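Undergrad: I'd like to ask some things about the structure below.
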Amino acid sequence: MYINKVNILQLCFEKSKDGLLPAIAQDYQSGEVLMLAYINNESWEKTLETGKAHYWSRSRNKLWLKGESSGNVQLIREILVDCDDDTVVLKVEQLGGAACHTGHRSCFFRRVEDGELVVIGIRVFDPETVYGKK
């Protein structure tokens with residue numbers, strides 16, 4: 001087995017025009033894909049510093065601690081970095097049971113069947129109650 005230890009933990013944010021790189025959140029125990037979000041250098045550093053998943057909100061154009069509104073925080077258990085240093089997999093412990101703002105455990109709660117989307121996930125919380133909106 002070849003192991004190459006890297007002393008400097010830097011990602012290639014400059015590869016993206018907007019400085020954002022994809023970050024896949026995956027349940028550290030089950031391997032279930034919970035969500036895809038984006039990180040910039042600020043959110044990457046904050047994630048490393050706190051051990052909690054931070055992302056860059058493209059819609060709000062600001063740093064976002066996952067769970068800051070819902071309480072459904074993602075605790076980092078392991079981080080995988082791809083060979084090009086421009087995508088990460090965050091293996092997380094999902095507190096509160098739901099990663100999706102729709103109230104589902106995973107953002108990938110629908111499956112394509114015969115050309116239609118079929119809901120296969122169970123809603124863990126009501127987004128209207130948590131966020132005051134759908």
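Chain labels run A, B, ... following the order of the structure tokens; each chain numbers its residues from 1, and ligands are numbered from 1 in the order shown.
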Give me every strand (DSSP E or B) residue in region 9-129 of chain A, going by DSSP on the backbone, as a ChimeraX atom specification.
TA: /A:21-27,33-39,52,54-57,62-65,74-81,88-94,104,110-113,116-119,123
Undergrad: Could you save the residues just selected, with C-alpha atoms, as a compact mmCIF listing (two decimals), in the first residue's frame?
TA:
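Here's the written file out-v6.txt:
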```
# COMPACT_ATOMS: atom_id res chain seq x y z
CA LEU A 21 -15.77 23.27 -4.82
CA PRO A 22 -18.28 20.42 -4.40
CA ALA A 23 -18.57 18.78 -1.00
CA ILE A 24 -20.50 15.55 -0.67
CA ALA A 25 -21.86 14.82 2.80
CA GLN A 26 -22.10 11.11 3.52
CA ASP A 27 -23.23 9.29 6.68
CA VAL A 33 -25.24 10.12 0.60
CA LEU A 34 -26.95 12.91 2.50
CA MET A 35 -26.35 16.00 0.39
CA LEU A 36 -24.16 17.91 -2.02
CA ALA A 37 -23.14 21.44 -1.16
CA TYR A 38 -20.28 23.79 -2.00
CA ILE A 39 -17.31 25.01 -0.02
CA LYS A 52 -18.63 20.82 12.10
CA HIS A 54 -19.59 24.56 7.08
CA TYR A 55 -20.57 25.34 3.50
CA TRP A 56 -20.94 28.35 1.27
CA SER A 57 -24.56 29.18 0.56
CA LYS A 62 -22.65 33.67 2.81
CA LEU A 63 -20.93 31.19 5.08
CA TRP A 64 -23.35 28.56 6.39
CA LEU A 65 -22.97 26.24 9.36
CA GLN A 74 -23.12 17.60 10.81
CA LEU A 75 -20.16 16.49 12.93
CA ILE A 76 -17.11 15.62 10.83
CA ARG A 77 -15.87 12.07 11.36
CA GLU A 78 -13.60 11.77 8.30
CA ILE A 79 -12.71 13.83 5.23
CA LEU A 80 -11.74 12.39 1.87
CA VAL A 81 -10.10 14.58 -0.77
CA VAL A 88 -14.29 16.49 -0.87
CA VAL A 89 -16.40 13.83 0.78
CA LEU A 90 -17.32 14.75 4.32
CA LYS A 91 -18.17 11.64 6.30
CA VAL A 92 -20.45 13.02 8.98
CA GLU A 93 -22.54 12.16 11.96
CA GLN A 94 -25.88 13.76 11.13
CA HIS A 104 -35.92 14.40 4.74
CA ARG A 110 -36.56 10.71 -4.75
CA ARG A 111 -35.87 8.03 -7.34
CA VAL A 112 -36.61 8.05 -11.08
CA GLU A 113 -39.05 5.28 -11.96
CA GLU A 116 -41.24 9.99 -12.98
CA LEU A 117 -39.90 11.04 -9.59
CA VAL A 118 -41.07 8.80 -6.76
CA VAL A 119 -40.50 9.78 -3.12
CA ARG A 123 -39.71 13.12 6.18
```
Undergrad: Of the candidates A:Asn72, A:Gly115, A:Leu20, A:Ser59, which shows the shortest atom-to-atom distance to Glu42 (chain A), using only C-alpha atoms?
TA: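 Going through A:Asn72, A:Gly115, A:Leu20, A:Ser59 one by one, the smallest distance to Glu42 (chain A) is for A:Leu20.
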Undergrad: Could you check which of A:Leu11, A:Gly67, A:Arg58, A:Lys46 is closest to Gly103 (chain A), using only C-alpha atoms?
TA: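 Result for the nearest residue to Gly103 (chain A): A:Gly67.
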Undergrad: Would you please extract all helix (DSSP H, G or I) residues from chain A, as assigned by DSSP on the backbone, and give them as a list of chain:residue names?
TA: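 Listing helix (DSSP H, G or I) positions across chain A yields A:Phe13, A:Glu14, A:Lys15, A:Asn41, A:Glu42, A:Ser43, A:Trp44, A:Glu45, A:Lys46, A:Thr47, A:Leu48, A:Glu49, A:Thr50, A:Pro127, A:Glu128, A:Thr129, A:Val130, A:Tyr131.
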Undergrad: Could the residues in this selection be saved with C-alpha atoms as a PDB file, in the first residue's frame?
TA:
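And here's result34.pdb as it stands now:
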```pdb
ATOM      1  CA  PHE A  13     -10.199  26.576  -5.062  1.00  0.00           C
ATOM      2  CA  GLU A  14      -8.661  28.452  -7.983  1.00  0.00           C
ATOM      3  CA  LYS A  15      -9.832  25.700 -10.370  1.00  0.00           C
ATOM      4  CA  ASN A  41     -11.708  28.512   1.378  1.00  0.00           C
ATOM      5  CA  GLU A  42     -13.478  30.198   4.303  1.00  0.00           C
ATOM      6  CA  SER A  43     -15.967  27.356   4.841  1.00  0.00           C
ATOM      7  CA  TRP A  44     -13.194  24.749   4.404  1.00  0.00           C
ATOM      8  CA  GLU A  45     -11.062  26.384   7.099  1.00  0.00           C
ATOM      9  CA  LYS A  46     -14.056  26.760   9.428  1.00  0.00           C
ATOM     10  CA  THR A  47     -14.918  23.063   8.953  1.00  0.00           C
ATOM     11  CA  LEU A  48     -11.372  22.024   9.792  1.00  0.00           C
ATOM     12  CA  GLU A  49     -11.244  24.399  12.769  1.00  0.00           C
ATOM     13  CA  THR A  50     -14.592  23.427  14.368  1.00  0.00           C
ATOM     14  CA  PRO A 127     -39.900  22.398   7.375  1.00  0.00           C
ATOM     15  CA  GLU A 128     -42.728  24.877   8.024  1.00  0.00           C
ATOM     16  CA  THR A 129     -42.372  24.268  11.765  1.00  0.00           C
ATOM     17  CA  VAL A 130     -38.563  24.534  11.693  1.00  0.00           C
ATOM     18  CA  TYR A 131     -38.016  27.303   9.130  1.00  0.00           C
TER      19      TYR A 131
END
```
Undergrad: Which of these, A:Arg105, A:Leu95, A:Gln10, A:Glu68, has the shortest distance to Asn40 (chain A) once you count only C-alpha atoms?
TA: A:Gln10
Undergrad: Report, in Å with one decimal, the straight-line distance from CA of Asp126 (chain A) to CA of Ser106 (chain A).
TA: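 CA of Ser106 (chain A) lies at a distance of 14.1 Å from CA of Asp126 (chain A).
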Undergrad: Which residue gives the smallest distance to Phe108 (chain A) among A:Asp82, A:Cys12, A:Glu32, A:Gly132, with only C-alpha atoms counted?
TA: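 Between A:Asp82, A:Cys12, A:Glu32, A:Gly132, the residue approaching Phe108 (chain A) most closely is A:Glu32.
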Undergrad: From the list A:Cys107, A:Val73, A:Cys100, A:Ile122, which residue is nearest Gly51 (chain A) when using only C-alpha atoms?
TA: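 Distance minimum relative to Gly51 (chain A) lands on A:Val73.
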